[in-house]
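The file target.txt comes next; it holds compact mmCIF, C-alpha atoms.
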```txt
# COMPACT_ATOMS: atom_id res chain seq x y z
CA MET A 2 0.00 0.00 0.00
CA LYS A 3 1.11 3.52 -0.64
CA PRO A 4 1.94 5.54 2.52
CA ILE A 5 -0.91 7.95 1.96
CA VAL A 6 -3.42 5.13 1.65
CA ARG A 7 -2.04 3.58 4.81
CA TYR A 8 -2.32 6.90 6.59
CA LEU A 9 -5.93 7.36 5.51
CA ALA A 10 -6.68 3.78 6.51
CA ALA A 11 -5.29 4.46 9.98
CA ILE A 12 -7.54 7.51 10.32
CA TRP A 13 -10.50 5.47 9.17
CA HIS A 14 -9.81 2.70 11.66
CA ILE A 15 -9.71 5.13 14.55
CA LEU A 16 -12.88 6.83 13.37
CA ARG A 17 -14.61 3.48 12.94
CA LYS A 18 -13.55 2.40 16.41
CA ASP A 19 -15.04 5.55 17.94
CA ILE A 20 -18.28 5.14 16.01
CA GLN A 21 -18.47 1.53 17.14
CA VAL A 22 -17.93 2.47 20.78
CA GLU A 23 -20.60 5.14 20.49
CA TRP A 24 -23.02 2.79 18.75
CA ARG A 25 -22.62 0.08 21.39
CA GLY A 26 -22.58 2.31 24.42
CA ARG A 27 -24.72 5.23 23.24
CA GLN A 28 -23.26 7.39 25.98
CA GLY A 29 -21.97 10.39 24.06
CA ILE A 30 -24.56 11.72 21.65
CA PRO A 31 -27.65 11.27 23.87
CA VAL A 32 -25.93 13.03 26.78
CA MET A 33 -24.85 15.90 24.53
CA LEU A 34 -28.38 16.23 23.15
CA VAL A 35 -30.08 16.28 26.52
CA PHE A 36 -27.53 18.77 27.78
CA ALA A 37 -28.01 21.05 24.76
CA LEU A 38 -31.78 20.98 25.21
CA THR A 39 -31.42 21.78 28.90
CA ILE A 40 -29.37 24.82 27.99
CA VAL A 41 -32.03 25.94 25.52
CA PHE A 42 -34.65 25.79 28.24
CA LEU A 43 -32.40 27.48 30.77
CA PHE A 44 -31.75 30.36 28.42
CA ASN A 45 -35.41 30.77 27.66
CA PHE A 46 -36.09 31.58 31.28
CA ALA A 47 -32.83 33.24 32.16
CA LEU A 48 -33.17 35.70 29.29
CA GLN A 49 -36.98 36.01 29.34
CA LEU A 50 -37.24 35.56 25.61
CA SER A 51 -40.19 37.20 23.97
CA PRO A 52 -41.14 36.02 20.46
CA ASP A 53 -39.61 39.00 18.66
CA LEU A 54 -36.38 38.61 20.59
CA GLN A 55 -36.22 34.91 19.87
CA ALA A 56 -35.79 35.35 16.15
CA GLY A 57 -32.64 37.42 16.57
CA LEU A 58 -31.17 35.27 19.29
CA ALA A 59 -31.79 31.83 17.80
CA ALA A 60 -28.39 31.70 16.05
CA GLY A 61 -26.57 32.68 19.23
CA LEU A 62 -28.49 30.18 21.34
CA LEU A 63 -27.82 27.42 18.85
CA TRP A 64 -24.08 28.01 19.03
CA VAL A 65 -23.89 28.45 22.77
CA SER A 66 -25.72 25.18 23.33
CA LEU A 67 -23.64 23.42 20.68
CA ALA A 68 -20.39 24.77 22.11
CA PHE A 69 -21.27 23.70 25.67
CA ALA A 70 -22.58 20.31 24.65
CA SER A 71 -19.52 19.63 22.46
CA THR A 72 -17.30 19.99 25.50
CA LEU A 73 -18.98 16.95 27.03
CA GLY A 74 -18.40 14.95 23.87
CA LEU A 75 -14.78 16.09 23.57
CA ASN A 76 -14.03 15.19 27.17
CA ARG A 77 -15.66 11.83 26.74
CA GLY A 78 -13.87 11.16 23.47
CA ILE A 79 -10.47 11.55 25.07
CA ASN A 80 -11.48 9.89 28.36
CA LEU A 81 -12.28 6.76 26.39
CA GLU A 82 -8.61 6.54 25.50
CA ARG A 83 -7.49 7.19 29.06
CA GLU A 84 -9.60 4.43 30.60
CA ASN A 85 -7.77 1.11 30.61
CA ASN A 86 -4.78 2.92 29.08
CA ALA A 87 -6.28 2.54 25.63
CA MET A 88 -4.12 5.45 24.52
CA ASP A 89 -1.01 3.32 24.98
CA GLY A 90 -2.45 0.90 22.47
CA LEU A 91 -3.00 3.68 19.99
CA LEU A 92 0.50 5.03 20.56
CA LEU A 93 2.00 1.61 19.97
CA ALA A 94 0.26 1.22 16.63
CA PRO A 95 2.74 1.50 13.76
CA MET A 96 1.47 4.75 12.24
CA ASP A 97 2.07 8.44 12.28
CA ARG A 98 0.56 9.83 15.46
CA SER A 99 -1.14 12.71 13.70
CA ALA A 100 -3.45 10.03 12.27
CA ILE A 101 -4.77 9.60 15.83
CA PHE A 102 -5.57 13.31 15.86
CA PHE A 103 -7.44 13.25 12.57
CA GLY A 104 -9.30 10.09 13.52
CA LYS A 105 -10.39 11.47 16.88
CA ALA A 106 -11.21 14.90 15.42
CA LEU A 107 -13.33 13.34 12.70
CA GLY A 108 -15.13 11.24 15.30
CA ASN A 109 -15.84 14.28 17.45
CA PHE A 110 -16.99 16.17 14.37
CA CYS A 111 -19.42 13.39 13.39
CA PHE A 112 -20.93 13.20 16.87
CA THR A 113 -21.34 16.92 17.44
CA GLY A 114 -22.51 17.32 13.84
CA LEU A 115 -25.22 14.76 14.48
CA VAL A 116 -26.25 16.60 17.65
CA GLY A 117 -26.42 19.81 15.63
CA LEU A 118 -28.53 18.19 12.93
CA VAL A 119 -31.01 17.05 15.58
CA LEU A 120 -30.99 20.46 17.27
CA LEU A 121 -31.91 22.35 14.08
CA PRO A 122 -35.46 20.93 13.73
CA VAL A 123 -35.92 21.22 17.50
CA PHE A 124 -34.98 24.89 17.31
CA SER A 125 -37.41 25.31 14.43
CA LEU A 126 -40.14 24.00 16.72
CA PHE A 127 -39.26 26.22 19.66
CA TYR A 128 -38.46 29.42 17.82
CA PRO A 129 -40.54 31.14 15.17
CA GLN A 130 -38.09 30.37 12.38
CA ASN A 131 -37.39 27.45 10.12
CA MET A 132 -33.77 26.60 10.83
CA LEU A 133 -33.55 23.51 8.70
CA ARG A 134 -31.98 25.25 5.72
CA LEU A 135 -29.12 24.02 3.63
CA PRO A 136 -26.94 27.15 4.03
CA LEU A 137 -27.34 27.01 7.81
CA VAL A 138 -26.45 23.32 7.84
CA LEU A 139 -23.31 24.16 5.85
CA VAL A 140 -22.33 26.97 8.21
CA MET A 141 -22.95 24.71 11.17
CA LEU A 142 -20.78 21.93 9.81
CA LEU A 143 -17.97 24.36 8.96
CA GLY A 144 -18.12 25.94 12.41
CA LEU A 145 -18.19 22.58 14.14
CA GLY A 146 -15.32 21.39 11.97
CA ALA A 147 -13.08 24.16 13.21
CA TYR A 148 -14.37 23.94 16.77
CA THR A 149 -13.94 20.19 17.16
CA SER A 150 -10.45 20.25 15.60
CA LEU A 151 -9.31 22.76 18.18
CA GLY A 152 -11.24 20.93 20.87
CA THR A 153 -9.65 17.57 20.05
CA LEU A 154 -6.21 19.12 20.19
CA LEU A 155 -6.87 20.80 23.53
CA SER A 156 -8.56 17.74 25.01
CA ALA A 157 -5.30 15.85 24.44
CA LEU A 158 -3.59 18.61 26.46
CA SER A 159 -6.13 18.77 29.26
CA ILE A 160 -6.34 15.00 29.73
CA GLN A 161 -2.78 14.97 30.99
CA ALA A 162 -3.51 17.39 33.82
CA ARG A 163 -4.79 16.52 37.27
CA THR A 164 -7.72 18.88 36.74
CA ARG A 165 -8.57 17.17 33.46
CA ASP A 166 -12.35 17.37 33.33
CA ILE A 167 -12.69 20.98 34.32
CA LEU A 168 -9.70 22.19 32.38
CA LEU A 169 -10.97 21.75 28.82
CA PRO A 170 -13.62 24.52 28.82
CA VAL A 171 -11.16 27.00 30.29
CA LEU A 172 -8.66 26.25 27.54
CA LEU A 173 -11.15 25.85 24.73
CA TYR A 174 -13.61 28.75 24.98
CA PRO A 175 -11.20 31.69 24.82
CA LEU A 176 -9.19 30.14 22.01
CA ALA A 177 -12.35 29.18 20.12
CA LEU A 178 -13.86 32.64 20.43
CA PRO A 179 -13.11 33.76 16.84
CA ILE A 180 -14.66 30.54 15.51
CA LEU A 181 -17.78 31.03 17.61
CA ILE A 182 -18.13 34.69 16.60
CA ALA A 183 -17.79 33.77 12.93
CA ALA A 184 -20.21 30.86 13.23
CA VAL A 185 -22.84 32.91 15.07
CA GLU A 186 -22.58 35.80 12.65
CA ALA A 187 -22.74 33.59 9.56
CA SER A 188 -25.73 31.71 11.01
CA ARG A 189 -27.49 34.94 11.89
CA GLY A 190 -26.91 36.29 8.39
CA VAL A 191 -28.21 33.12 6.78
CA LEU A 192 -31.26 33.09 9.05
CA ALA A 193 -31.99 36.70 8.13
CA GLY A 194 -32.25 35.59 4.52
CA GLN A 195 -28.77 36.45 3.26
CA THR A 196 -26.98 34.16 0.85
CA LEU A 197 -23.72 32.42 1.67
CA SER A 198 -21.80 34.92 -0.46
CA ASN A 199 -23.18 37.76 1.69
CA VAL A 200 -21.52 36.26 4.73
CA SER A 201 -18.44 35.14 2.85
CA SER A 202 -15.96 36.87 5.18
CA TRP A 203 -17.27 34.80 8.07
CA ILE A 204 -17.12 31.64 5.96
CA TYR A 205 -13.50 32.41 5.12
CA LEU A 206 -12.74 32.89 8.80
CA LEU A 207 -14.24 29.48 9.55
CA LEU A 208 -12.22 27.90 6.73
CA ALA A 209 -9.09 29.60 8.08
CA GLY A 210 -9.88 28.12 11.50
CA ILE A 211 -10.29 24.63 10.04
CA LEU A 212 -6.97 24.93 8.20
CA LEU A 213 -5.10 26.45 11.14
CA PHE A 214 -6.28 24.02 13.80
CA ASN A 215 -5.85 20.94 11.64
CA ALA A 216 -2.36 22.08 10.71
CA ALA A 217 -1.67 22.58 14.43
CA GLY A 218 -2.94 19.06 15.06
CA LEU A 219 -0.72 17.67 12.33
CA ILE A 220 2.34 19.40 13.76
CA PHE A 221 1.76 19.25 17.52
CA PHE A 222 -0.25 16.12 18.25
CA GLU A 223 2.80 13.94 18.28
CA THR A 224 4.51 16.35 20.71
CA ILE A 225 1.47 16.48 22.99
CA LEU A 226 1.21 12.73 23.32
CA GLU A 227 4.85 11.78 23.65
CA GLU A 228 5.78 10.12 26.91
CA MET B 27 23.16 31.28 37.44
CA THR B 28 24.28 32.53 40.82
CA ARG B 29 25.71 35.92 40.00
CA LYS B 30 23.66 38.70 38.57
CA PRO B 31 24.92 39.57 35.07
CA THR B 32 26.27 43.07 34.55
CA LEU B 33 23.91 43.72 31.66
CA LEU B 34 20.97 42.96 33.93
CA LYS B 35 22.30 45.44 36.50
CA ILE B 36 22.52 48.06 33.79
CA LEU B 37 18.97 47.23 32.70
CA ASP B 38 17.79 47.57 36.32
CA ILE B 39 19.26 51.03 36.68
CA LEU B 40 18.10 52.05 33.24
CA SER B 41 14.48 51.06 33.90
CA LEU B 42 14.57 52.72 37.32
CA LEU B 43 15.61 55.94 35.61
CA ILE B 44 13.65 55.84 32.39
CA VAL B 45 10.17 55.02 33.68
CA PRO B 46 9.99 58.02 36.07
CA ALA B 47 11.59 60.15 33.33
CA VAL B 48 8.79 59.26 30.94
CA LEU B 49 6.26 59.95 33.68
CA ILE B 50 7.69 63.45 34.07
CA LEU B 51 7.64 63.80 30.30
CA VAL B 52 3.98 62.85 30.19
CA TRP B 53 3.08 65.19 33.07
CA PHE B 54 4.93 68.31 32.03
CA PHE B 55 6.05 68.03 28.42
CA THR B 56 2.97 66.79 26.55
CA PRO B 57 0.11 69.17 25.87
CA VAL B 58 -3.31 68.59 27.40
CA GLU B 59 -5.61 67.17 24.75
CA ALA B 60 -8.22 69.79 23.80
CA VAL B 61 -11.35 67.63 23.97
CA MET B 62 -10.52 64.97 26.52
CA GLY B 63 -8.42 66.90 28.99
CA PRO B 64 -5.77 65.47 31.27
CA VAL B 65 -7.23 61.96 31.35
CA GLN B 66 -5.96 61.43 27.82
CA LYS B 67 -2.46 61.25 29.27
CA VAL B 68 -3.12 57.69 30.39
CA PHE B 69 -2.82 56.93 26.70
CA TYR B 70 0.99 56.88 26.72
CA PHE B 71 1.22 54.14 29.29
CA HIS B 72 -1.88 52.40 27.97
CA ILE B 73 -0.44 51.91 24.47
CA SER B 74 2.97 51.01 25.86
CA ALA B 75 1.56 48.38 28.19
CA ALA B 76 -0.46 46.83 25.37
CA TRP B 77 2.62 46.84 23.16
CA GLY B 78 4.71 45.25 25.90
CA GLY B 79 2.10 42.56 26.47
CA MET B 80 1.91 41.71 22.77
CA LEU B 81 5.67 41.59 22.42
CA SER B 82 5.98 39.44 25.48
CA PHE B 83 3.38 36.91 24.33
CA ILE B 84 5.16 36.56 21.00
CA LEU B 85 8.43 36.05 22.86
CA GLY B 86 6.68 33.41 24.96
CA ALA B 87 5.65 31.50 21.83
CA VAL B 88 9.10 31.81 20.24
CA ALA B 89 10.72 30.55 23.44
CA GLY B 90 8.14 27.74 23.49
CA ALA B 91 9.20 26.73 19.98
CA GLY B 92 12.78 26.92 21.18
CA TYR B 93 11.94 24.51 23.98
CA LEU B 94 10.23 22.05 21.66
CA ARG B 95 13.27 22.07 19.37
CA SER B 96 16.02 21.81 21.96
CA ARG B 97 14.24 20.48 25.09
CA ARG B 98 16.35 22.74 27.25
CA MET B 99 14.64 23.94 30.44
CA GLY B 100 16.08 27.41 29.89
CA TRP B 101 13.73 27.99 26.97
CA ASP B 102 10.78 26.92 29.07
CA SER B 103 11.77 29.30 31.86
CA LEU B 104 12.00 32.10 29.30
CA SER B 105 8.60 31.21 27.86
CA LEU B 106 7.02 31.17 31.31
CA ALA B 107 8.72 34.43 32.28
CA ALA B 108 7.62 36.21 29.11
CA ILE B 109 4.01 35.07 29.42
CA GLU B 110 3.76 35.94 33.10
CA VAL B 111 5.13 39.45 32.61
CA GLY B 112 3.07 39.79 29.42
CA LEU B 113 -0.10 38.99 31.35
CA VAL B 114 0.68 41.74 33.87
CA PHE B 115 1.25 44.19 31.02
CA ALA B 116 -1.98 43.16 29.33
CA LEU B 117 -3.88 43.68 32.59
CA ILE B 118 -2.30 47.13 32.95
CA ALA B 119 -3.44 47.91 29.40
CA ILE B 120 -6.99 46.80 30.18
CA LEU B 121 -7.19 48.69 33.47
CA SER B 122 -5.71 51.89 32.06
CA GLY B 123 -8.08 51.56 29.09
CA MET B 124 -11.01 51.37 31.48
CA ILE B 125 -9.81 54.40 33.39
CA TRP B 126 -9.61 56.25 30.11
CA ALA B 127 -12.99 55.03 28.90
CA ARG B 128 -14.92 56.03 32.02
CA PRO B 129 -14.83 59.83 31.55
CA ILE B 130 -14.61 59.78 27.74
CA TRP B 131 -17.18 57.17 26.73
CA ASN B 132 -19.06 57.42 30.01
CA THR B 133 -18.67 53.72 30.65
CA TRP B 134 -16.04 51.48 32.16
CA TRP B 135 -16.21 49.00 29.36
CA VAL B 136 -16.65 49.27 25.61
CA TRP B 137 -16.83 46.25 23.34
CA ASP B 138 -14.21 47.82 21.16
CA PRO B 139 -12.10 45.40 19.05
CA ARG B 140 -8.81 46.26 20.67
CA LEU B 141 -10.11 46.29 24.22
CA THR B 142 -12.00 43.05 23.72
CA THR B 143 -9.07 41.33 22.03
CA THR B 144 -6.81 42.30 24.90
CA ALA B 145 -9.30 40.97 27.42
CA ILE B 146 -9.67 37.66 25.56
CA MET B 147 -5.90 37.47 25.34
CA ALA B 148 -5.68 37.91 29.11
CA LEU B 149 -8.18 35.05 29.55
CA ILE B 150 -6.22 32.84 27.16
CA TYR B 151 -3.02 33.39 29.11
CA LEU B 152 -4.73 32.99 32.48
CA ALA B 153 -5.71 29.55 31.19
CA TYR B 154 -2.02 28.95 30.43
CA PHE B 155 -1.24 29.13 34.14
CA ILE B 156 -4.21 26.95 35.01
CA LEU B 157 -2.93 24.37 32.53
CA ARG B 158 0.59 24.49 33.95
CA SER B 159 -0.57 24.23 37.53
CA GLY B 160 -2.50 21.08 36.70
CA LEU B 161 0.50 19.26 35.26
CA SER B 162 2.70 17.60 37.84
CA THR B 163 5.82 16.41 36.01
CA PRO B 164 8.15 19.25 34.98
CA GLU B 165 8.79 17.79 31.55
CA THR B 166 5.09 17.54 30.67
CA ARG B 167 4.48 21.00 32.06
CA SER B 168 7.14 22.51 29.84
CA ARG B 169 6.14 20.55 26.74
CA LEU B 170 2.41 21.21 26.93
CA GLY B 171 3.00 24.79 28.05
CA ALA B 172 5.10 25.37 24.95
CA VAL B 173 2.46 23.89 22.65
CA TYR B 174 -0.24 25.99 24.27
CA ALA B 175 1.85 29.17 24.09
CA ILE B 176 2.30 28.71 20.34
CA LEU B 177 -1.35 27.82 19.81
CA ALA B 178 -2.41 30.90 21.76
CA VAL B 179 -0.34 33.28 19.66
CA MET B 180 -1.71 31.66 16.50
CA THR B 181 -5.30 32.47 17.46
CA VAL B 182 -4.73 36.08 18.54
CA PRO B 183 -4.85 37.46 14.96
CA LEU B 184 -8.00 35.43 14.30
CA THR B 185 -9.59 36.88 17.42
CA PHE B 186 -8.66 40.42 16.52
CA PHE B 187 -9.83 39.99 12.95
CA SER B 188 -13.16 38.46 13.97
CA ILE B 189 -13.96 41.16 16.50
CA ARG B 190 -12.93 43.86 14.04
CA LEU B 191 -15.18 42.34 11.40
CA PHE B 192 -17.97 42.05 13.95
CA ARG B 193 -17.75 45.78 14.57
CA THR B 194 -17.53 46.91 10.99
CA ILE B 195 -20.53 44.88 9.93
CA HIS B 196 -22.56 46.05 12.86
CA PRO B 197 -23.55 49.69 13.23
CA VAL B 198 -21.12 51.58 15.38
CA VAL B 199 -22.85 51.79 18.73
CA ILE B 200 -20.52 54.25 20.35
CA ALA B 201 -18.80 56.75 18.12
CA THR B 202 -15.15 56.50 19.02
CA GLY B 203 -14.53 60.19 18.67
CA GLY B 204 -11.65 60.10 21.09
CA GLY B 205 -10.40 56.67 20.29
CA GLN B 206 -7.05 55.08 20.71
CA GLY B 207 -4.15 56.46 18.76
CA SER B 208 -5.49 57.17 15.31
CA ALA B 209 -8.74 58.85 16.22
CA PHE B 210 -7.27 62.08 17.46
CA ASN B 211 -4.54 64.11 15.90
CA MET B 212 -1.29 63.84 17.74
CA THR B 213 1.04 66.78 18.02
CA PRO B 214 4.78 66.16 17.59
CA ARG B 215 5.22 66.41 21.36
CA MET B 216 2.65 63.71 21.92
CA LEU B 217 4.42 61.50 19.42
CA THR B 218 7.76 62.06 21.13
CA ALA B 219 6.29 61.14 24.49
CA LEU B 220 4.59 58.10 23.00
CA PHE B 221 7.81 56.76 21.51
CA ALA B 222 9.71 57.53 24.70
CA SER B 223 7.07 55.63 26.65
CA LEU B 224 7.15 52.69 24.23
CA PHE B 225 10.91 52.55 24.59
CA ALA B 226 10.74 52.77 28.38
CA PHE B 227 8.21 49.98 28.61
CA THR B 228 10.27 47.78 26.33
CA ILE B 229 13.29 48.27 28.59
CA LEU B 230 11.17 47.60 31.66
CA LEU B 231 9.74 44.50 30.01
CA ALA B 232 13.16 43.12 29.17
CA ASP B 233 14.29 43.76 32.73
CA LEU B 234 11.26 42.09 34.32
CA VAL B 235 11.32 39.11 31.97
CA TRP B 236 14.98 38.59 32.67
CA HIS B 237 14.42 38.66 36.46
CA ARG B 238 11.47 36.28 36.18
CA PHE B 239 13.57 34.02 33.96
CA ARG B 240 16.32 33.88 36.59
CA LEU B 241 13.75 33.10 39.26
CA ALA B 242 12.27 30.30 37.16
CA GLN B 243 15.75 28.90 36.57
CA LEU B 244 16.47 28.94 40.29
CA GLN B 245 13.18 27.18 41.03
CA ASN B 246 14.06 24.52 38.53
CA PRO B 247 16.14 21.91 40.37
CA LEU B 248 17.85 20.66 37.23
CA SER B 249 19.40 24.04 36.54
CA LEU B 250 21.49 23.81 39.69
CA GLU B 251 23.35 20.89 38.21
CA GLU B 252 23.70 22.54 34.83
CA LYS B 253 24.80 25.87 36.31
```

Could you render the structure from this file as C-alpha cells?
Amino acid sequence: MKPIVRYLAAIWHILRKDIQVEWRGRQGIPVMLVFALTIVFLFNFALQLSPDLQAGLAAGLLWVSLAFASTLGLNRGINLERENNAMDGLLLAPMDRSAIFFGKALGNFCFTGLVGLVLLPVFSLFYPQNMLRLPLVLVMLLGLGAYTSLGTLLSALSIQARTRDILLPVLLYPLALPILIAAVEASRGVLAGQTLSNVSSWIYLLLAGILLFNAAGLIFFETILEE
Amino acid sequence: MTRKPTLLKILDILSLLIVPAVLILVWFFTPVEAVMGPVQKVFYFHISAAWGGMLSFILGAVAGAGYLRSRRMGWDSLSLAAIEVGLVFALIAILSGMIWARPIWNTWWVWDPRLTTTAIMALIYLAYFILRSGLSTPETRSRLGAVYAILAVMTVPLTFFSIRLFRTIHPVVIATGGGQGSAFNMTPRMLTALFASLFAFTILLADLVWHRFRLAQLQNPLSLEEK
C-alpha cells in the first residue's frame, strides 16, 4: 500500500472504532443532546425571551448550546482513551501519530454534527423560524469542523492534567472565540435571509480556522502525546 | 546562574531611571488634549503596556518553539517568564483603558475590538497558568505549556480579525470620537512622548522578563546541576 493510503486507513480505523464504541454504548450523543436541550430551556427563562427577541437570538443560542454540549463529547472522546490505558495501544500502533488526531477529530466532528442536525429541527419548533436550511447546515458543519479540531487538540492537552475534566472549557472557549463569533454571525446572516456569499468573510474565517487548527494538530499532536 | 549579570544590572538602573523620566515627560512636556483633557495622558502608558504585552506573548511562543526544538529547560523558563510578565502588562493595558474610557465614553467598558481582544488574550493566558498548575511532572508542564503558548499566539490574529469584522458589519454603537491612537490628531510632542514611553516599557519589560527568567531557573532543580 502507498503511505498515503495507509495513513488514511489508519484515520479510518480510529474513526470506525469511535463510532463503534458510540453505537454500542450510546453514551456520548444522547448526553450531549439532553444537555443542549437543557441549555435551551435554561436560556429561555434566564433571558426572558419574547417572540420578537427569539428570532434574533436563535443563532446565538444554537451556538452556545452546541459549544457547551460539544465539550462533554470532547471530554468523553479523550477519556475513552485514558480508561484502561487505551491510549497506549494507539501510541504503539505503527502509524504516524497525527493520524490519531485526525481520527479522533473526525469522530468528534461526526458526533457533534449529528447533535447539531437534531438540534436544528428542534430549534425550528421552539423558535418562530425554520432553521432547517441548507446554508445554515453548511455553516454549522464548517463551524463545528473548526471547533472540534481545536477541541480535540486541547482535550489531548487537558487529559494529561490533574484537573482534566474541568480544564478543557477554560482552555477551549477563549481560544475558540473567533470561531464562535464567525459561526454565530454567519448563522445569523443566513437566518436573516442572506446568501452564503453575503456572509463570505465569516465563511473564510471558519475555513481559516479549520486549516489552522488541523495544521496545528498535524504538527503538535505527536509532541502532545509523547511520553 | 548565581551571579547577577552586569547587563541585567545596567537594565535595572536604566528602567529605574527611564520610567519616572517618561512619567515626568507625560506630566509636564505633553500638551493637554483639547477635547478629553488630562485623562488622555493615560494613553501613553496604555499603548505602551499593550505593546509590551503583545511583544511578550510573541516572545513566549518563540521561546516555546525553542523549547520544543532543543528540550532545554532554559527555553521553558523564558517562555514562562515572558508570558507571566506579558499577562501583567496586558492587565495594565486593560485597566488603564477602562480608566480612560470612564470619563470619555461614560462607561467602564466598551466592546471595542482592541479592548476586547486584549481581554480575551488575558483570559487565554490565564488559562495557560491553570494548565501548567494542573501538570505535575516538569517535563510535561514545559512541553504542553510550549504547545499551548504557540497555539495561543496563533489564534490572537483570528480573534482580533473576527472582533474587528464584527464591529464593521454592525452599526457603530458608540462613536469612538476620542479613540485610541489614530482617532485624534497627535502633536509632535505627543508622538515624542509616546515613543519615549514605548521605549521605556520595552526596557522595563526586558528587565522584568529577565528577572522572572532567573527566578524560574532557580526554582528549577535541574538548573542547579547545569549551572

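Among the candidate residues A:Thr196, A:Ser99, A:Ser159, A:Thr149, the one lying nearest to chain B is A:Ser159, with distances computed using only C-alpha atoms.
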
Of B:Ala145, B:Leu234, B:Met216, B:Ile118, the one sitting nearest chain A when using all atoms listed in the file is B:Ala145

Interface list for chain B, partner chain A, 7 Å threshold, only C-alpha atoms, as a PDB file with C-alpha atoms, in the coordinates of the input:
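New file iface33.pdb:
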```pdb
ATOM      1  CA  ILE B 146      -9.670  37.660  25.560  1.00  0.00           C
ATOM      2  CA  LEU B 149      -8.180  35.050  29.550  1.00  0.00           C
ATOM      3  CA  ILE B 150      -6.220  32.840  27.160  1.00  0.00           C
ATOM      4  CA  ALA B 153      -5.710  29.550  31.190  1.00  0.00           C
ATOM      5  CA  GLY B 160      -2.500  21.080  36.700  1.00  0.00           C
ATOM      6  CA  LEU B 161       0.500  19.260  35.260  1.00  0.00           C
ATOM      7  CA  LEU B 170       2.410  21.210  26.930  1.00  0.00           C
ATOM      8  CA  VAL B 173       2.460  23.890  22.650  1.00  0.00           C
ATOM      9  CA  ALA B 178      -2.410  30.900  21.760  1.00  0.00           C
ATOM     10  CA  THR B 181      -5.300  32.470  17.460  1.00  0.00           C
ATOM     11  CA  LEU B 184      -8.000  35.430  14.300  1.00  0.00           C
ATOM     12  CA  THR B 185      -9.590  36.880  17.420  1.00  0.00           C
ATOM     13  CA  SER B 188     -13.160  38.460  13.970  1.00  0.00           C
TER      14      SER B 188
END
```

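Note that the spacing between CA of Val32 (chain A) and CA of Gly74 (chain A) amounts to 8.3 Å.
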
Between CA of Ala10 (chain A) and CA of Met96 (chain A), what distance in Å does the model show, to one decimal? 10.0 Å
